[in-house]
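Colleague: Take this structure, written in structure tokens, and hold onto it; I'll ask about it next.
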Amino acid sequence: MSPRPSISLRAFRISDYREVYRIWLDAEGVGLNESDTRKAIGRFLKRNPGFSQVAVSGNRVVAVVLCGHDGRRGYLHHLAVAREWRRKGVGKALVAVCLRKLHREEIPKCNLFLFATNRPGRAFWKRLGWTVRGDLRLVQHRTLS
Ligand SMILES: CC(C)(COP(=O)(O)OP(=O)(O)OC[C@H]1O[C@@H](n2cnc3c(N)ncnc32)[C@H](O)[C@@H]1OP(=O)(O)O)[C@@H](O)C(=O)NCCC(=O)NCCS
């Protein structure tokens, strides 16, 4: 499904950062940390040129997703749609663009992190055909200084 005609999708530019950050701040289910500063997001966009997307209505950013890959798996982060634009196919359209881009790079699978408490998020991903892997746990360590 394409989003409404008044919406267009394009690559996330660092000049979108301020608007994007506001959407993230308002989005339950998105956890923000030191990896979400303007500098860190700029680095992510440079490492994965053209993958991360925004949805724009007029000149306003209304949704965003970060997308990248490490040569083996694709990753989505921080998919968020401004509240008044939800349930109009925008999230689904952003995800479809990312999956197409990853497929073109011959990346066979895409992963994302979902808070266990994010039930609406879980319902969304399942609706889109994603599998919630109950056999895996996230294992993490801070990098060494
Ligand atoms: C989750 C989120 C991105 C969905 O975006 P959206 O643009 O509203 O979703 P869409 O309109 O593209 O919906 C796609 C499908 O999922 C379904 N869906 C969307 N939200 C849903 C929900 N909360 N519960 C159940 N199904 C849902 C839609 O009905 C639609 O189904 P259809 O294709 O059969 O019509 C949005 O609600 C959001 O920004 N949430 C807060 C941030 C968040 O949790 N992000 C995920 C982090 S992993």
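Starting from 1 in every chain, residues are counted up; chains themselves are A, B, ... following the order of the structure tokens, and ligands are numbered from 1 as listed.
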Residues within 6 Å of ligand 1 should be enumerated using only C-alpha atoms and all ligand atoms and returned as a list in words.

Modeller: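 Using only C-alpha atoms and all ligand atoms, everything at most 6 Å from ligand 1 comes to Ala27, Glu28, Gly29, Val30, His78, Leu79, Ala80, Val81, Arg86, Arg87, Lys88, Gly89, Val90, Gly91, Lys92, Phe113, Leu114, Pro120, Gly121, Ala123, Phe124 and Arg127 of chain A.
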
Colleague: Would you kindly return, as a VMD selection string, each protein, DNA or RNA residue with an atom no farther than 12 Å from any atom of Ser15 in chain A, considering only C-alpha atoms and excluding same-chain residues fewer than 2 positions away?

Modeller: chain A and resid 11 to 13 17 to 21 38 to 39 41 to 42 45 54 61

Colleague: Applying 7 Å and only C-alpha atoms, which residues near Val56 in chain A remain after dropping the ones on its own chain fewer than 3 positions away? List them as an mmCIF file with N, CA and C atoms, in the first residue's frame.

Modeller:
data_model
loop_
_atom_site.group_PDB
_atom_site.id
_atom_site.type_symbol
_atom_site.label_atom_id
_atom_site.label_comp_id
_atom_site.auth_asym_id
_atom_site.auth_seq_id
_atom_site.Cartn_x
_atom_site.Cartn_y
_atom_site.Cartn_z
ATOM 1 N N ILE A 7 1.772 12.642 0.754
ATOM 2 C CA ILE A 7 2.999 12.246 1.440
ATOM 3 C C ILE A 7 4.034 11.796 0.401
ATOM 4 N N SER A 8 5.267 12.219 0.582
ATOM 5 C CA SER A 8 6.318 11.634 -0.250
ATOM 6 C C SER A 8 7.437 11.116 0.650
ATOM 7 N N LEU A 9 8.132 10.122 0.147
ATOM 8 C CA LEU A 9 9.238 9.522 0.902
ATOM 9 C C LEU A 9 10.546 9.921 0.232
ATOM 10 N N ASN A 59 6.273 20.710 3.474
ATOM 11 C CA ASN A 59 7.716 20.752 3.790
ATOM 12 C C ASN A 59 7.975 20.244 5.209
ATOM 13 N N ARG A 60 7.020 19.459 5.723
ATOM 14 C CA ARG A 60 7.132 18.979 7.097
ATOM 15 C C ARG A 60 7.463 17.486 7.143
ATOM 16 N N VAL A 61 8.437 17.123 7.960
ATOM 17 C CA VAL A 61 8.753 15.699 8.148
ATOM 18 C C VAL A 61 7.720 15.105 9.110
ATOM 19 N N VAL A 62 7.082 14.008 8.703
ATOM 20 C CA VAL A 62 6.028 13.415 9.536
ATOM 21 C C VAL A 62 6.355 11.993 9.995
#

Colleague: Report as a ChimeraX atom specification all protein, DNA and RNA residues lying within 12 Å of range 98-108 of chain A, evaluated on only C-alpha atoms, omitting residues in the same chain fewer than 4 positions from it.

Modeller: /A:9-12,48-54,64-77,79,91-94,128,130
